[in-house]
Amino acid sequence: MRKLLVPAAAAALLATSALTFAATAQHTTGTVKSYDSKAQSLTLADGSVYMLPKTFKDPGLKAGEKVSINWEMKGSTKAADQVMITK
């Protein structure tokens, strides 16, 4: 029984680590389609929508700007942590 317990525990630990890694921040770049300061949302030209934190300070976002976004999934929402205008 003990011979099976150790490998099972190791497998569970590795599976949990993989799930934790999947929930970490991600990075994307794209072109701004629209920015809604009231709804705190940013839509890229590819149709993906990112929700911005209430403390977000607009760096001058406008349609056509190229941006770099750090984000993570929170439920079914893409929550942006950082948005930077790129050239």
# chains A, B, ... in the order shown; residues from 1 in each chain; ligands from 1
call {"tool": "residues_around", "arguments": {"residues": "A:Leu44", "least_positions_apart": "4", "cutoff": "10 Å", "atoms": "only C-alpha atoms", "output": "PDB file with N, CA, C and O atoms, in the first residue's frame"}}
result
ATOM      1  N   THR A  29       0.039  41.188 -27.276  1.00  0.00           N
ATOM      2  CA  THR A  29       0.164  42.489 -27.926  1.00  0.00           C
ATOM      3  C   THR A  29      -0.933  42.591 -28.976  1.00  0.00           C
ATOM      4  O   THR A  29      -1.441  41.577 -29.459  1.00  0.00           O
ATOM      5  N   GLY A  30      -1.299  43.805 -29.317  1.00  0.00           N
ATOM      6  CA  GLY A  30      -2.330  43.992 -30.332  1.00  0.00           C
ATOM      7  C   GLY A  30      -2.584  45.464 -30.590  1.00  0.00           C
ATOM      8  O   GLY A  30      -1.889  46.341 -30.066  1.00  0.00           O
ATOM      9  N   THR A  31      -3.597  45.716 -31.393  1.00  0.00           N
ATOM     10  CA  THR A  31      -3.983  47.071 -31.762  1.00  0.00           C
ATOM     11  C   THR A  31      -5.321  47.391 -31.117  1.00  0.00           C
ATOM     12  O   THR A  31      -6.260  46.595 -31.183  1.00  0.00           O
ATOM     13  N   VAL A  32      -5.426  48.562 -30.512  1.00  0.00           N
ATOM     14  CA  VAL A  32      -6.645  48.981 -29.822  1.00  0.00           C
ATOM     15  C   VAL A  32      -7.759  49.236 -30.834  1.00  0.00           C
ATOM     16  O   VAL A  32      -7.575  49.962 -31.811  1.00  0.00           O
ATOM     17  N   LYS A  33      -8.907  48.607 -30.594  1.00  0.00           N
ATOM     18  CA  LYS A  33     -10.104  48.881 -31.385  1.00  0.00           C
ATOM     19  C   LYS A  33     -10.919  49.945 -30.669  1.00  0.00           C
ATOM     20  O   LYS A  33     -11.379  50.901 -31.275  1.00  0.00           O
ATOM     21  N   SER A  34     -11.078  49.767 -29.334  1.00  0.00           N
ATOM     22  CA  SER A  34     -11.802  50.761 -28.537  1.00  0.00           C
ATOM     23  C   SER A  34     -11.399  50.667 -27.071  1.00  0.00           C
ATOM     24  O   SER A  34     -10.965  49.619 -26.605  1.00  0.00           O
ATOM     25  N   TYR A  35     -11.547  51.794 -26.387  1.00  0.00           N
ATOM     26  CA  TYR A  35     -11.278  51.874 -24.953  1.00  0.00           C
ATOM     27  C   TYR A  35     -12.469  52.565 -24.316  1.00  0.00           C
ATOM     28  O   TYR A  35     -12.857  53.659 -24.725  1.00  0.00           O
ATOM     29  N   SER A  48     -10.750  40.570 -28.849  1.00  0.00           N
ATOM     30  CA  SER A  48     -10.576  40.187 -27.441  1.00  0.00           C
ATOM     31  C   SER A  48     -10.778  41.405 -26.543  1.00  0.00           C
ATOM     32  O   SER A  48     -10.368  42.509 -26.873  1.00  0.00           O
ATOM     33  N   VAL A  49     -11.455  41.171 -25.432  1.00  0.00           N
ATOM     34  CA  VAL A  49     -11.806  42.237 -24.494  1.00  0.00           C
ATOM     35  C   VAL A  49     -11.096  41.998 -23.172  1.00  0.00           C
ATOM     36  O   VAL A  49     -11.109  40.888 -22.640  1.00  0.00           O
ATOM     37  N   TYR A  50     -10.496  43.043 -22.624  1.00  0.00           N
ATOM     38  CA  TYR A  50      -9.773  42.979 -21.361  1.00  0.00           C
ATOM     39  C   TYR A  50     -10.398  43.970 -20.395  1.00  0.00           C
ATOM     40  O   TYR A  50     -10.643  45.129 -20.749  1.00  0.00           O
ATOM     41  N   ALA A  63      -8.015  54.360 -30.525  1.00  0.00           N
ATOM     42  CA  ALA A  63      -8.089  53.366 -31.599  1.00  0.00           C
ATOM     43  C   ALA A  63      -6.862  53.473 -32.492  1.00  0.00           C
ATOM     44  O   ALA A  63      -6.411  54.568 -32.830  1.00  0.00           O
ATOM     45  N   GLY A  64      -6.306  52.322 -32.837  1.00  0.00           N
ATOM     46  CA  GLY A  64      -5.143  52.276 -33.706  1.00  0.00           C
ATOM     47  C   GLY A  64      -3.817  52.177 -32.975  1.00  0.00           C
ATOM     48  O   GLY A  64      -2.797  51.864 -33.585  1.00  0.00           O
ATOM     49  N   GLU A  65      -3.802  52.447 -31.657  1.00  0.00           N
ATOM     50  CA  GLU A  65      -2.570  52.350 -30.872  1.00  0.00           C
ATOM     51  C   GLU A  65      -2.168  50.890 -30.721  1.00  0.00           C
ATOM     52  O   GLU A  65      -3.011  50.023 -30.520  1.00  0.00           O
ATOM     53  N   LYS A  66      -0.899  50.615 -30.798  1.00  0.00           N
ATOM     54  CA  LYS A  66      -0.369  49.271 -30.536  1.00  0.00           C
ATOM     55  C   LYS A  66      -0.070  49.204 -29.041  1.00  0.00           C
ATOM     56  O   LYS A  66       0.545  50.118 -28.488  1.00  0.00           O
ATOM     57  N   VAL A  67      -0.527  48.121 -28.401  1.00  0.00           N
ATOM     58  CA  VAL A  67      -0.362  47.970 -26.960  1.00  0.00           C
ATOM     59  C   VAL A  67       0.201  46.605 -26.593  1.00  0.00           C
ATOM     60  O   VAL A  67       0.103  45.651 -27.346  1.00  0.00           O
TER      61      VAL A  67
END
call {"tool": "closest_residue", "arguments": {"among": "A:Ile85, A:Ser76, A:Lys54, A:Gln26", "to": "A:Ala39", "atoms": "only C-alpha atoms"}}
result
A:Lys54
call {"tool": "atom_distance", "arguments": {"atom1": "atom CA of A:Lys87", "atom2": "atom CA of A:Lys38"}}
result
26.0 Å
call {"tool": "atom_distance", "arguments": {"atom1": "atom CA of A:Lys62", "atom2": "atom CA of A:Thr24"}}
result
27.8 Å
